[in-house]
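**Q** Sharing data37.pdb, PDB, C-alpha atoms, pLDDT in the B column:
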```
ATOM      1  CA  TRP A   1     -14.849  17.645  -5.445  1.00 69.00           C
ATOM      2  CA  SER A   2     -12.535  20.457  -6.450  1.00 79.00           C
ATOM      3  CA  SER A   3     -12.263  23.718  -4.574  1.00 80.00           C
ATOM      4  CA  GLU A   4     -12.220  27.258  -5.901  1.00 77.00           C
ATOM      5  CA  ILE A   5      -8.896  28.473  -7.270  1.00 80.00           C
ATOM      6  CA  ASP A   6      -6.855  30.262  -4.556  1.00 79.00           C
ATOM      7  CA  SER A   7      -9.517  29.365  -1.994  1.00 80.00           C
ATOM      8  CA  TYR A   8      -8.740  25.781  -1.043  1.00 80.00           C
ATOM      9  CA  PHE A   9     -11.536  25.334   1.488  1.00 84.00           C
ATOM     10  CA  ASN A  10     -14.301  26.843  -0.660  1.00 80.00           C
ATOM     11  CA  PHE A  11     -16.095  24.063  -2.546  1.00 82.00           C
ATOM     12  CA  SER A  12     -19.115  26.098  -3.595  1.00 84.00           C
ATOM     13  CA  PRO A  13     -19.996  25.486  -7.274  1.00 80.00           C
ATOM     14  CA  VAL A  14     -21.208  29.070  -7.707  1.00 82.00           C
ATOM     15  CA  THR A  15     -20.013  32.569  -6.865  1.00 84.00           C
ATOM     16  CA  VAL A  16     -21.759  34.859  -4.398  1.00 82.00           C
ATOM     17  CA  ASP A  17     -23.917  36.172  -7.255  1.00 85.00           C
ATOM     18  CA  ASN A  18     -24.820  32.604  -8.320  1.00 83.00           C
ATOM     19  CA  GLN A  19     -22.540  32.311 -11.358  1.00 82.00           C
ATOM     20  CA  VAL A  20     -20.661  29.225 -12.484  1.00 83.00           C
ATOM     21  CA  LEU A  21     -17.144  30.144 -13.560  1.00 79.00           C
ATOM     22  CA  SER A  22     -14.047  28.220 -14.580  1.00 82.00           C
ATOM     23  CA  THR A  23     -12.515  29.221 -11.246  1.00 83.00           C
ATOM     24  CA  THR A  24     -15.343  28.064  -8.965  1.00 85.00           C
ATOM     25  CA  GLY A  25     -15.456  24.726  -7.241  1.00 83.00           C
ATOM     26  CA  PHE A  26     -17.082  21.746  -8.898  1.00 77.00           C
ATOM     27  CA  SER A  27     -17.835  18.087  -8.366  1.00 84.00           C
ATOM     28  CA  VAL A  28     -17.799  15.054 -10.649  1.00 83.00           C
ATOM     29  CA  THR A  29     -20.177  12.119 -10.260  1.00 82.00           C
ATOM     30  CA  LEU A  30     -18.889   8.624 -11.008  1.00 84.00           C
ATOM     31  CA  GLY A  31     -22.046   6.713 -11.796  1.00 78.00           C
ATOM     32  CA  GLY A  32     -22.843   3.181 -12.877  1.00 74.00           C
ATOM     33  CA  PRO A  33     -24.784   0.011 -12.085  1.00 74.00           C
ATOM     34  CA  ARG A  34     -22.311  -0.907  -9.325  1.00 73.00           C
ATOM     35  CA  LEU A  35     -21.351   1.464  -6.539  1.00 73.00           C
ATOM     36  CA  SER A  36     -18.165   1.127  -4.476  1.00 86.00           C
ATOM     37  CA  LYS A  37     -15.893   3.255  -2.321  1.00 89.00           C
ATOM     38  CA  ILE A  38     -13.279   5.584  -3.762  1.00 91.00           C
ATOM     39  CA  ARG A  39      -9.924   4.429  -2.372  1.00 94.00           C
ATOM     40  CA  TRP A  40      -7.345   6.681  -4.045  1.00 93.00           C
ATOM     41  CA  ILE A  41      -6.680   9.396  -6.649  1.00 92.00           C
ATOM     42  CA  TYR A  42      -3.553   9.326  -8.813  1.00 91.00           C
ATOM     43  CA  ALA A  43      -2.245  12.225 -10.916  1.00 87.00           C
ATOM     44  CA  GLY A  44      -0.615  10.807 -14.047  1.00 77.00           C
ATOM     45  CA  SER A  45      -1.094  11.581 -17.736  1.00 74.00           C
ATOM     46  CA  GLN A  46      -4.709  11.997 -16.678  1.00 83.00           C
ATOM     47  CA  LEU A  47      -6.387  11.897 -13.291  1.00 87.00           C
ATOM     48  CA  LEU A  48      -7.069   8.307 -12.210  1.00 91.00           C
ATOM     49  CA  VAL A  49      -9.612   7.419  -9.554  1.00 92.00           C
ATOM     50  CA  GLY A  50      -9.444   3.978  -7.973  1.00 93.00           C
ATOM     51  CA  MET A  51     -12.597   2.430  -6.556  1.00 92.00           C
ATOM     52  CA  GLU A  52     -13.043  -0.979  -4.948  1.00 92.00           C
ATOM     53  CA  GLY A  53     -14.953  -2.194  -8.001  1.00 91.00           C
ATOM     54  CA  SER A  54     -13.715  -0.109 -10.946  1.00 92.00           C
ATOM     55  CA  LEU A  55     -11.094   2.246 -12.333  1.00 93.00           C
ATOM     56  CA  TRP A  56     -12.018   5.695 -13.651  1.00 92.00           C
ATOM     57  CA  MET A  57     -10.206   8.406 -15.588  1.00 91.00           C
ATOM     58  CA  ILE A  58     -11.116  12.079 -15.310  1.00 89.00           C
ATOM     59  CA  SER A  59      -9.817  13.917 -18.348  1.00 87.00           C
ATOM     60  CA  SER A  60      -9.900  17.565 -19.332  1.00 84.00           C
ATOM     61  CA  SER A  61     -10.792  18.820 -22.796  1.00 77.00           C
ATOM     62  CA  GLU A  62      -8.548  21.857 -22.329  1.00 77.00           C
ATOM     63  CA  GLY A  63      -5.770  20.602 -20.061  1.00 74.00           C
ATOM     64  CA  VAL A  64      -7.238  22.383 -17.021  1.00 78.00           C
ATOM     65  CA  TYR A  65      -9.886  20.869 -14.776  1.00 82.00           C
ATOM     66  CA  THR A  66     -12.973  23.047 -14.420  1.00 80.00           C
ATOM     67  CA  ALA A  67     -16.732  22.540 -14.177  1.00 79.00           C
ATOM     68  CA  PHE A  68     -16.841  22.844 -17.985  1.00 82.00           C
ATOM     69  CA  THR A  69     -13.872  20.646 -18.973  1.00 82.00           C
ATOM     70  CA  ALA A  70     -13.750  17.706 -16.528  1.00 84.00           C
ATOM     71  CA  HIS A  71     -15.052  14.481 -18.096  1.00 86.00           C
ATOM     72  CA  PRO A  72     -15.181  11.180 -16.132  1.00 87.00           C
ATOM     73  CA  ARG A  73     -14.892   7.892 -18.040  1.00 90.00           C
ATOM     74  CA  LYS A  74     -14.739   4.354 -16.686  1.00 91.00           C
ATOM     75  CA  GLN A  75     -11.606   2.500 -17.783  1.00 93.00           C
ATOM     76  CA  SER A  76     -12.159  -0.935 -16.292  1.00 92.00           C
ATOM     77  CA  GLU A  77     -14.261  -3.037 -13.952  1.00 91.00           C
ATOM     78  CA  ILE A  78     -11.017  -3.937 -12.163  1.00 93.00           C
ATOM     79  CA  GLY A  79     -11.073  -2.429  -8.686  1.00 92.00           C
ATOM     80  CA  SER A  80      -8.239  -1.692  -6.272  1.00 94.00           C
ATOM     81  CA  ILE A  81      -7.603  -0.536  -2.730  1.00 94.00           C
ATOM     82  CA  ILE A  82      -3.875   0.279  -2.798  1.00 93.00           C
ATOM     83  CA  PRO A  83      -2.718   3.307  -4.877  1.00 93.00           C
ATOM     84  CA  PRO A  84      -0.698   2.333  -7.980  1.00 93.00           C
ATOM     85  CA  VAL A  85       3.052   2.782  -8.315  1.00 91.00           C
ATOM     86  CA  GLN A  86       4.876   3.821 -11.469  1.00 89.00           C
ATOM     87  CA  ILE A  87       7.802   2.079 -13.105  1.00 87.00           C
ATOM     88  CA  GLY A  88       8.853   3.703 -16.375  1.00 84.00           C
ATOM     89  CA  VAL A  89       5.701   4.536 -18.337  1.00 85.00           C
ATOM     90  CA  ILE A  90       3.707   1.718 -16.713  1.00 89.00           C
ATOM     91  CA  LEU A  91       1.547   1.850 -13.604  1.00 92.00           C
ATOM     92  CA  LEU A  92       1.353  -1.259 -11.439  1.00 94.00           C
ATOM     93  CA  LEU A  93      -2.096  -1.711  -9.960  1.00 95.00           C
ATOM     94  CA  VAL A  94      -2.820  -4.244  -7.202  1.00 95.00           C
ATOM     95  CA  HIS A  95      -6.221  -5.873  -7.698  1.00 96.00           C
ATOM     96  CA  ALA A  96      -8.761  -5.294  -4.921  1.00 95.00           C
ATOM     97  CA  SER A  97      -8.367  -8.948  -3.951  1.00 95.00           C
ATOM     98  CA  GLY A  98      -4.631  -8.377  -3.325  1.00 95.00           C
ATOM     99  CA  ARG A  99      -3.802 -11.451  -5.411  1.00 95.00           C
ATOM    100  CA  GLN A 100      -2.887  -9.926  -8.779  1.00 94.00           C
ATOM    101  CA  ILE A 101      -0.879  -7.000 -10.129  1.00 95.00           C
ATOM    102  CA  HIS A 102      -2.090  -5.390 -13.344  1.00 95.00           C
ATOM    103  CA  GLN A 103      -0.047  -3.299 -15.763  1.00 93.00           C
ATOM    104  CA  VAL A 104      -1.749  -0.031 -16.686  1.00 93.00           C
ATOM    105  CA  LYS A 105      -0.536   2.153 -19.556  1.00 91.00           C
ATOM    106  CA  TYR A 106      -1.904   5.358 -21.049  1.00 88.00           C
ATOM    107  CA  GLN A 107      -2.510   5.264 -24.801  1.00 88.00           C
ATOM    108  CA  ASP A 108      -2.269   8.598 -26.604  1.00 85.00           C
ATOM    109  CA  GLN A 109      -4.172   7.347 -29.644  1.00 86.00           C
ATOM    110  CA  SER A 110      -7.295   6.286 -27.760  1.00 86.00           C
ATOM    111  CA  LYS A 111      -6.838   8.831 -24.956  1.00 85.00           C
ATOM    112  CA  SER A 112      -7.498   6.109 -22.401  1.00 88.00           C
ATOM    113  CA  TYR A 113      -5.731   3.598 -20.162  1.00 90.00           C
ATOM    114  CA  ASP A 114      -5.102   0.008 -21.216  1.00 91.00           C
ATOM    115  CA  ILE A 115      -5.162  -2.557 -18.410  1.00 92.00           C
ATOM    116  CA  ASP A 116      -3.859  -6.080 -18.861  1.00 92.00           C
ATOM    117  CA  ASP A 117      -5.485  -9.191 -17.413  1.00 92.00           C
ATOM    118  CA  GLY A 118      -2.923  -9.577 -14.627  1.00 91.00           C
ATOM    119  CA  SER A 119      -1.198 -12.593 -16.180  1.00 90.00           C
ATOM    120  CA  VAL A 120       2.081 -10.825 -17.110  1.00 89.00           C
ATOM    121  CA  ILE A 121       3.307 -10.336 -13.546  1.00 90.00           C
ATOM    122  CA  PRO A 122       3.679 -13.675 -11.699  1.00 89.00           C
ATOM    123  CA  ASN A 123       1.458 -14.028  -8.648  1.00 91.00           C
ATOM    124  CA  HIS A 124       2.205 -17.498  -7.292  1.00 91.00           C
ATOM    125  CA  LEU A 125       3.557 -16.007  -4.046  1.00 91.00           C
ATOM    126  CA  PHE A 126       0.419 -14.025  -3.222  1.00 91.00           C
ATOM    127  CA  ASN A 127      -2.536 -15.798  -4.844  1.00 91.00           C
ATOM    128  CA  GLN A 128      -3.704 -17.721  -1.764  1.00 92.00           C
ATOM    129  CA  ILE A 129      -5.867 -16.718   1.197  1.00 92.00           C
ATOM    130  CA  GLY A 130      -3.686 -15.015   3.827  1.00 91.00           C
ATOM    131  CA  GLN A 131      -0.989 -14.135   1.277  1.00 92.00           C
ATOM    132  CA  GLU A 132      -2.666 -11.045  -0.207  1.00 94.00           C
ATOM    133  CA  ILE A 133      -0.608  -7.929  -1.007  1.00 93.00           C
ATOM    134  CA  THR A 134      -0.987  -5.183   1.606  1.00 91.00           C
ATOM    135  CA  ASP A 135       1.709  -2.688   0.461  1.00 89.00           C
ATOM    136  CA  ILE A 136       3.700  -1.966  -2.697  1.00 90.00           C
ATOM    137  CA  VAL A 137       6.578   0.454  -3.388  1.00 87.00           C
ATOM    138  CA  ILE A 138       9.224   0.942  -6.085  1.00 86.00           C
ATOM    139  CA  GLN A 139      12.950   1.053  -5.391  1.00 82.00           C
ATOM    140  CA  ASN A 140      14.313   2.832  -8.487  1.00 79.00           C
ATOM    141  CA  ALA A 141      18.033   3.045  -7.815  1.00 74.00           C
ATOM    142  CA  PRO A 142      20.520   1.589  -8.348  1.00 74.00           C
ATOM    143  CA  ASN A 143      18.230  -0.844 -10.225  1.00 81.00           C
ATOM    144  CA  PRO A 144      14.422  -1.035 -10.276  1.00 85.00           C
ATOM    145  CA  ILE A 145      12.883  -3.419  -7.752  1.00 87.00           C
ATOM    146  CA  ILE A 146       9.214  -3.708  -6.842  1.00 89.00           C
ATOM    147  CA  TRP A 147       8.682  -4.561  -3.182  1.00 89.00           C
ATOM    148  CA  VAL A 148       5.408  -5.917  -1.808  1.00 89.00           C
ATOM    149  CA  THR A 149       4.370  -7.140   1.612  1.00 88.00           C
ATOM    150  CA  ARG A 150       1.873  -9.923   2.142  1.00 89.00           C
ATOM    151  CA  ALA A 151      -0.881 -10.190   4.722  1.00 89.00           C
ATOM    152  CA  ASP A 152       1.197 -12.742   6.624  1.00 86.00           C
ATOM    153  CA  GLY A 153       4.165 -10.335   6.854  1.00 82.00           C
ATOM    154  CA  LEU A 154       6.375 -11.890   4.174  1.00 86.00           C
ATOM    155  CA  LEU A 155       8.364  -9.464   2.009  1.00 86.00           C
ATOM    156  CA  CYS A 156       8.449 -10.219  -1.739  1.00 89.00           C
ATOM    157  CA  SER A 157      10.379  -8.589  -4.572  1.00 89.00           C
ATOM    158  CA  LEU A 158       9.739  -8.397  -8.307  1.00 90.00           C
ATOM    159  CA  ILE A 159      12.656  -7.529 -10.572  1.00 89.00           C
ATOM    160  CA  PRO A 160      11.714  -6.425 -14.101  1.00 87.00           C
ATOM    161  CA  SER A 161      13.748  -7.331 -17.162  1.00 85.00           C
ATOM    162  CA  TRP A 162      13.019  -5.350 -20.306  1.00 76.00           C
ATOM    163  CA  SER A 163      13.340  -6.513 -23.910  1.00 70.00           C
ATOM    164  CA  SER A 164      12.086  -5.222 -27.249  1.00 65.00           C
ATOM    165  CA  ARG A 165       9.127  -7.601 -27.065  1.00 71.00           C
ATOM    166  CA  ALA A 166       7.956  -7.579 -23.460  1.00 73.00           C
ATOM    167  CA  THR A 167       8.779  -7.054 -19.807  1.00 78.00           C
ATOM    168  CA  VAL A 168       9.508 -10.161 -17.750  1.00 84.00           C
ATOM    169  CA  TYR A 169       9.402 -10.158 -13.949  1.00 86.00           C
ATOM    170  CA  GLY A 170      11.409 -12.334 -11.582  1.00 88.00           C
ATOM    171  CA  LEU A 171       9.637 -12.957  -8.260  1.00 88.00           C
ATOM    172  CA  SER A 172      11.288 -13.915  -4.972  1.00 88.00           C
ATOM    173  CA  LYS A 173      10.476 -13.868  -1.258  1.00 86.00           C
ATOM    174  CA  HIS A 174      12.495 -12.637   1.731  1.00 82.00           C
ATOM    175  CA  ALA A 175      11.974 -13.756   5.332  1.00 77.00           C
ATOM    176  CA  ILE A 176      12.929 -10.915   7.713  1.00 72.00           C
ATOM    177  CA  GLY A 177      12.573 -11.523  11.421  1.00 59.00           C
ATOM    178  CA  SER A 178       8.996 -12.299  12.361  1.00 56.00           C
ATOM    179  CA  GLY A 179       7.524 -10.496   9.372  1.00 57.00           C
ATOM    180  CA  VAL A 180       7.225  -7.062   7.780  1.00 56.00           C
ATOM    181  CA  ALA A 181       4.149  -5.118   8.826  1.00 53.00           C
ATOM    182  CA  SER A 182       4.518  -2.569   6.019  1.00 58.00           C
ATOM    183  CA  VAL A 183       6.977  -0.994   3.640  1.00 61.00           C
ATOM    184  CA  THR A 184       7.301   2.761   3.554  1.00 55.00           C
ATOM    185  CA  ASP A 185       8.196   4.786   0.504  1.00 55.00           C
ATOM    186  CA  THR A 186      11.815   4.682  -0.602  1.00 53.00           C
ATOM    187  CA  LEU A 187      14.282   7.285   0.591  1.00 52.00           C
ATOM    188  CA  VAL A 188      17.070   8.696  -1.545  1.00 53.00           C
ATOM    189  CA  ASP A 189      20.502   8.170  -0.015  1.00 54.00           C
ATOM    190  CA  GLU A 190      23.984   8.951  -1.302  1.00 49.00           C
ATOM    191  CA  LEU A 191      26.557   6.220  -0.784  1.00 47.00           C
ATOM    192  CA  ALA A 192      30.089   6.363  -2.200  1.00 48.00           C
ATOM    193  CA  GLY A 193      29.058   9.002  -4.706  1.00 52.00           C
ATOM    194  CA  ASP A 194      26.062   6.994  -5.993  1.00 57.00           C
ATOM    195  CA  VAL A 195      22.439   7.844  -5.392  1.00 58.00           C
ATOM    196  CA  VAL A 196      20.444   4.815  -4.223  1.00 60.00           C
ATOM    197  CA  ASP A 197      16.948   4.267  -2.899  1.00 66.00           C
ATOM    198  CA  GLU A 198      16.805   2.945   0.649  1.00 68.00           C
ATOM    199  CA  LEU A 199      13.778   0.865   1.536  1.00 68.00           C
ATOM    200  CA  ALA A 200      12.405   1.180   5.070  1.00 64.00           C
ATOM    201  CA  ASN A 201      10.417  -1.694   6.567  1.00 63.00           C
ATOM    202  CA  ILE A 202       8.381  -1.642   9.766  1.00 59.00           C
ATOM    203  CA  ILE A 203       8.903  -4.970  11.540  1.00 58.00           C
ATOM    204  CA  SER A 204       5.752  -6.071  13.324  1.00 54.00           C
ATOM    205  CA  ALA A 205       6.978  -8.012  16.361  1.00 52.00           C
ATOM    206  CA  ASP A 206       9.504  -5.632  17.901  1.00 53.00           C
ATOM    207  CA  GLY A 207       8.126  -2.398  16.469  1.00 49.00           C
ATOM    208  CA  PHE A 208      11.465  -1.134  15.166  1.00 53.00           C
ATOM    209  CA  ILE A 209      12.371   0.112  11.677  1.00 50.00           C
ATOM    210  CA  SER A 210      14.830  -1.855   9.591  1.00 53.00           C
ATOM    211  CA  SER A 211      16.253  -0.794   6.233  1.00 52.00           C
ATOM    212  CA  VAL A 212      16.934  -2.997   3.257  1.00 53.00           C
ATOM    213  CA  THR A 213      19.159  -1.834   0.418  1.00 48.00           C
ATOM    214  CA  GLU A 214      20.281  -3.604  -2.683  1.00 48.00           C
ATOM    215  CA  GLY A 215      23.803  -4.879  -2.338  1.00 43.00           C
TER
END
```
Do you think you could lay out the structure here as structure tokens?

**A**
Amino acid sequence: WSSEIDSYFNFSPVTVDNQVLSTTGFSVTLGGPRLSKIRWIYAGSQLLVGMEGSLWMISSSEGVYTAFTAHPRKQSEIGSIIPPVQIGVILLLVHASGRQIHQVKYQDQSKSYDIDDGSVIPNHLFNQIGQEITDIVIQNAPNPIIWVTRADGLLCSLIPSWSSRATVYGLSKHAIGSGVASVTDTLVDELAGDVVDELANIISADGFISSVTEG
């Protein structure tokens, strides 16, 4: 659903005199043979909608979303629960199972998103029952690191290495106390004149917040 312009709580698709305008509210139906819950919406090159069983893109033929220009199109049968995170021009999408991370990239030529099969990013640390990914965030500075937490509380990191041919990821695990319940978004901090991202972790056992920064 989208509300009327300048009237955020008015979702009526018509005006008081029963007209449909480019400024009135509208809704988009995501249909198909399989129905699942919508879990998140991501604003990127186009609007992405993540469902438990599929990934959709809502594009606009004129750059502005209205009842006349919004067009939904399924991109993949790969579903997800956790919103994606962006690193460079690539989105990292955790599979609904929590056991794979897919690379998603928008292609200007086809005007759609390409999604890999999940084999590029190593998953040997979270491909078993009880090890599923529950959170993911990006620490951009001073160097990019992808942090994920597992269902058992273990904190894992993926460090990307770029080349002209492909991106390679190094995966490692970090035992902190009795386990990390979740990772929050990164916070920008200034240390010794440098801007770094500080990662906050909520530790499950004692209920206090610990911070982890790259040394």

**Q** Work out how far apart atom CA of A:Ser12 and atom CA of A:Ser59 are and give it in Å to one decimal.

**A**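 Straight-line distance from atom CA of A:Ser12 to atom CA of A:Ser59 works out to 21.3 Å.
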
**Q** Take atom CA of A:Ser157 and atom CA of A:Ile176 and report the distance between them in Å, one decimal.

**A**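 Between atom CA of A:Ser157 and atom CA of A:Ile176 the gap works out to 12.8 Å.
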
**Q** Could you list the residues chosen by the PyMOL selection byres ((chain A and resi 106-109) around 10) in this structure as a ChimeraX atom specification?

**A** /A:44-46,89-91,104-105,110-115

**Q** For those residues, write C-alpha atoms to a file as an mmCIF file, in the frame of the given file.

**A**
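Written output follows (selection_34.cif):
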```
data_model
loop_
_atom_site.group_PDB
_atom_site.id
_atom_site.type_symbol
_atom_site.label_atom_id
_atom_site.label_comp_id
_atom_site.auth_asym_id
_atom_site.auth_seq_id
_atom_site.Cartn_x
_atom_site.Cartn_y
_atom_site.Cartn_z
ATOM 1 C CA GLY A 44 -0.615 10.807 -14.047
ATOM 2 C CA SER A 45 -1.094 11.581 -17.736
ATOM 3 C CA GLN A 46 -4.709 11.997 -16.678
ATOM 4 C CA VAL A 89 5.701 4.536 -18.337
ATOM 5 C CA ILE A 90 3.707 1.718 -16.713
ATOM 6 C CA LEU A 91 1.547 1.850 -13.604
ATOM 7 C CA VAL A 104 -1.749 -0.031 -16.686
ATOM 8 C CA LYS A 105 -0.536 2.153 -19.556
ATOM 9 C CA SER A 110 -7.295 6.286 -27.760
ATOM 10 C CA LYS A 111 -6.838 8.831 -24.956
ATOM 11 C CA SER A 112 -7.498 6.109 -22.401
ATOM 12 C CA TYR A 113 -5.731 3.598 -20.162
ATOM 13 C CA ASP A 114 -5.102 0.008 -21.216
ATOM 14 C CA ILE A 115 -5.162 -2.557 -18.410
#
```

**Q** How many Å separate atom CA of A:Val28 from atom CA of A:Ile82?

**A** 21.8 Å

**Q** Spell out the residues picked by the PyMOL selection byres ((chain A and resi 148) around 10) here, as a VMD selection string.

**A** chain A and resid 94 126 132 to 138 145 to 147 149 to 150 153 to 158 173 180 182 to 183

**Q** Hey, which of A:Phe26, A:Trp162, A:Phe68, A:Tyr42 ends up closest to A:Pro13? Count only C-alpha atoms.

**A** A:Phe26

**Q** Restricting the calculation to all atoms listed in the file: of A:Leu125, A:Val16, A:Ile41, A:Leu93, which residue gets closest to A:His174?

**A**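 That would be A:Leu125, the residue with the smallest distance to A:His174.
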
**Q** Would you mind telling me which residue in A:Leu35, A:Ala70, A:Ala151, A:Ala175 lies nearest to A:Met51 when using only C-alpha atoms?

**A** A:Leu35

**Q** Go through the shown structure with the PyMOL selection byres ((chain A and resi 37) around 12) and write out the matching residues as number ranges by chain.

**A** A: 30-31, 34-36, 38-41, 49-55, 79-81, 96

**Q** If we count all atoms listed in the file and set the cut-off at 9 Å, which residues sit around A:Asn123, ignoring sequence neighbours fewer than 5 positions away in its own chain? Please answer as an NGL selection string.

**A** :A and (99-101 or 118 or 171)

**Q** (8.9, -10.8, -17.0) in this file's frame - what residues fall within 8 Å of it? Use only C-alpha atoms and give the answer as a list in words.

**A** Val120, Ile121, Pro122, Pro160, Ser161, Trp162, Ala166, Thr167, Val168, Tyr169 and Gly170 of chain A

**Q** Kindly provide, as AutoDock Vina command-line options, the centre and edge lengths (Å, one decimal) of an axis-aligned box around all atoms of stretch 75-81 of chain A given in the file, with 5 Å on each side.

**A**
```
--center_x -10.9 --center_y -0.7 --center_z -10.3 --size_x 16.7 --size_y 16.4 --size_z 25.1
```

**Q** Pick out the closest residue to A:Glu77 from this set: A:Ser61, A:Asp152, A:Ser119, A:Gly32. Count all atoms listed in the file.

**A**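 When distances to A:Glu77 are compared using all atoms listed in the file, the smallest one comes from A:Gly32.
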
**Q** Would you mind telling me which residue in A:Ile58, A:Ile87, A:Ile78, A:Leu21 lies nearest to A:Gln139 when using all atoms listed in the file?

**A**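 For A:Gln139, the nearest of the candidates is A:Ile87.
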
**Q** Distance cut-off 12 Å, centre (-11.3, 23.9, -2.9) in file coordinates, counting all atoms listed in the file: which residues qualify? Return them as a ChimeraX atom specification.

**A** /A:1-13,23-27,66

**Q** Show me that you can extract stretch 152-164 of chain A, keeping N, CA, C and O atoms, and write it as a PDB file, in the first residue's frame.

**A**
```
ATOM      1  N   ASP A 152      22.871 -20.131  17.522  1.00  0.00           N
ATOM      2  CA  ASP A 152      23.457 -20.575  18.786  1.00  0.00           C
ATOM      3  C   ASP A 152      24.256 -19.477  19.481  1.00  0.00           C
ATOM      4  O   ASP A 152      24.891 -19.714  20.505  1.00  0.00           O
ATOM      5  N   GLY A 153      24.233 -18.245  18.929  1.00  0.00           N
ATOM      6  CA  GLY A 153      24.898 -17.116  19.567  1.00  0.00           C
ATOM      7  C   GLY A 153      26.313 -16.848  19.105  1.00  0.00           C
ATOM      8  O   GLY A 153      26.934 -15.882  19.548  1.00  0.00           O
ATOM      9  N   LEU A 154      26.851 -17.664  18.215  1.00  0.00           N
ATOM     10  CA  LEU A 154      28.218 -17.449  17.738  1.00  0.00           C
ATOM     11  C   LEU A 154      28.255 -16.291  16.745  1.00  0.00           C
ATOM     12  O   LEU A 154      27.372 -16.147  15.899  1.00  0.00           O
ATOM     13  N   LEU A 155      29.280 -15.456  16.865  1.00  0.00           N
ATOM     14  CA  LEU A 155      29.487 -14.325  15.959  1.00  0.00           C
ATOM     15  C   LEU A 155      30.458 -14.748  14.862  1.00  0.00           C
ATOM     16  O   LEU A 155      31.526 -15.288  15.141  1.00  0.00           O
ATOM     17  N   CYS A 156      30.090 -14.500  13.604  1.00  0.00           N
ATOM     18  CA  CYS A 156      30.942 -14.842  12.461  1.00  0.00           C
ATOM     19  C   CYS A 156      31.201 -13.598  11.626  1.00  0.00           C
ATOM     20  O   CYS A 156      30.379 -12.674  11.583  1.00  0.00           O
ATOM     21  N   SER A 157      32.348 -13.563  10.968  1.00  0.00           N
ATOM     22  CA  SER A 157      32.692 -12.436  10.103  1.00  0.00           C
ATOM     23  C   SER A 157      33.082 -12.941   8.721  1.00  0.00           C
ATOM     24  O   SER A 157      33.666 -14.020   8.578  1.00  0.00           O
ATOM     25  N   LEU A 158      32.722 -12.154   7.710  1.00  0.00           N
ATOM     26  CA  LEU A 158      33.114 -12.424   6.333  1.00  0.00           C
ATOM     27  C   LEU A 158      33.841 -11.195   5.821  1.00  0.00           C
ATOM     28  O   LEU A 158      33.301 -10.085   5.858  1.00  0.00           O
ATOM     29  N   ILE A 159      35.073 -11.392   5.363  1.00  0.00           N
ATOM     30  CA  ILE A 159      35.878 -10.286   4.856  1.00  0.00           C
ATOM     31  C   ILE A 159      36.022 -10.441   3.351  1.00  0.00           C
ATOM     32  O   ILE A 159      36.596 -11.429   2.877  1.00  0.00           O
ATOM     33  N   PRO A 160      35.505  -9.485   2.571  1.00  0.00           N
ATOM     34  CA  PRO A 160      35.589  -9.596   1.114  1.00  0.00           C
ATOM     35  C   PRO A 160      36.948  -9.142   0.588  1.00  0.00           C
ATOM     36  O   PRO A 160      37.588  -8.248   1.139  1.00  0.00           O
ATOM     37  N   SER A 161      37.365  -9.788  -0.487  1.00  0.00           N
ATOM     38  CA  SER A 161      38.587  -9.411  -1.190  1.00  0.00           C
ATOM     39  C   SER A 161      38.242  -9.297  -2.665  1.00  0.00           C
ATOM     40  O   SER A 161      37.803 -10.273  -3.283  1.00  0.00           O
ATOM     41  N   TRP A 162      38.415  -8.099  -3.218  1.00  0.00           N
ATOM     42  CA  TRP A 162      37.994  -7.853  -4.591  1.00  0.00           C
ATOM     43  C   TRP A 162      39.152  -8.032  -5.575  1.00  0.00           C
ATOM     44  O   TRP A 162      40.300  -7.694  -5.280  1.00  0.00           O
ATOM     45  N   SER A 163      38.838  -8.563  -6.749  1.00  0.00           N
ATOM     46  CA  SER A 163      39.787  -8.637  -7.848  1.00  0.00           C
ATOM     47  C   SER A 163      39.033  -8.300  -9.132  1.00  0.00           C
ATOM     48  O   SER A 163      37.807  -8.101  -9.115  1.00  0.00           O
ATOM     49  N   SER A 164      39.746  -8.250 -10.241  1.00  0.00           N
ATOM     50  CA  SER A 164      39.097  -7.923 -11.509  1.00  0.00           C
ATOM     51  C   SER A 164      38.147  -9.028 -11.971  1.00  0.00           C
ATOM     52  O   SER A 164      37.247  -8.803 -12.760  1.00  0.00           O
TER      53      SER A 164
END
```
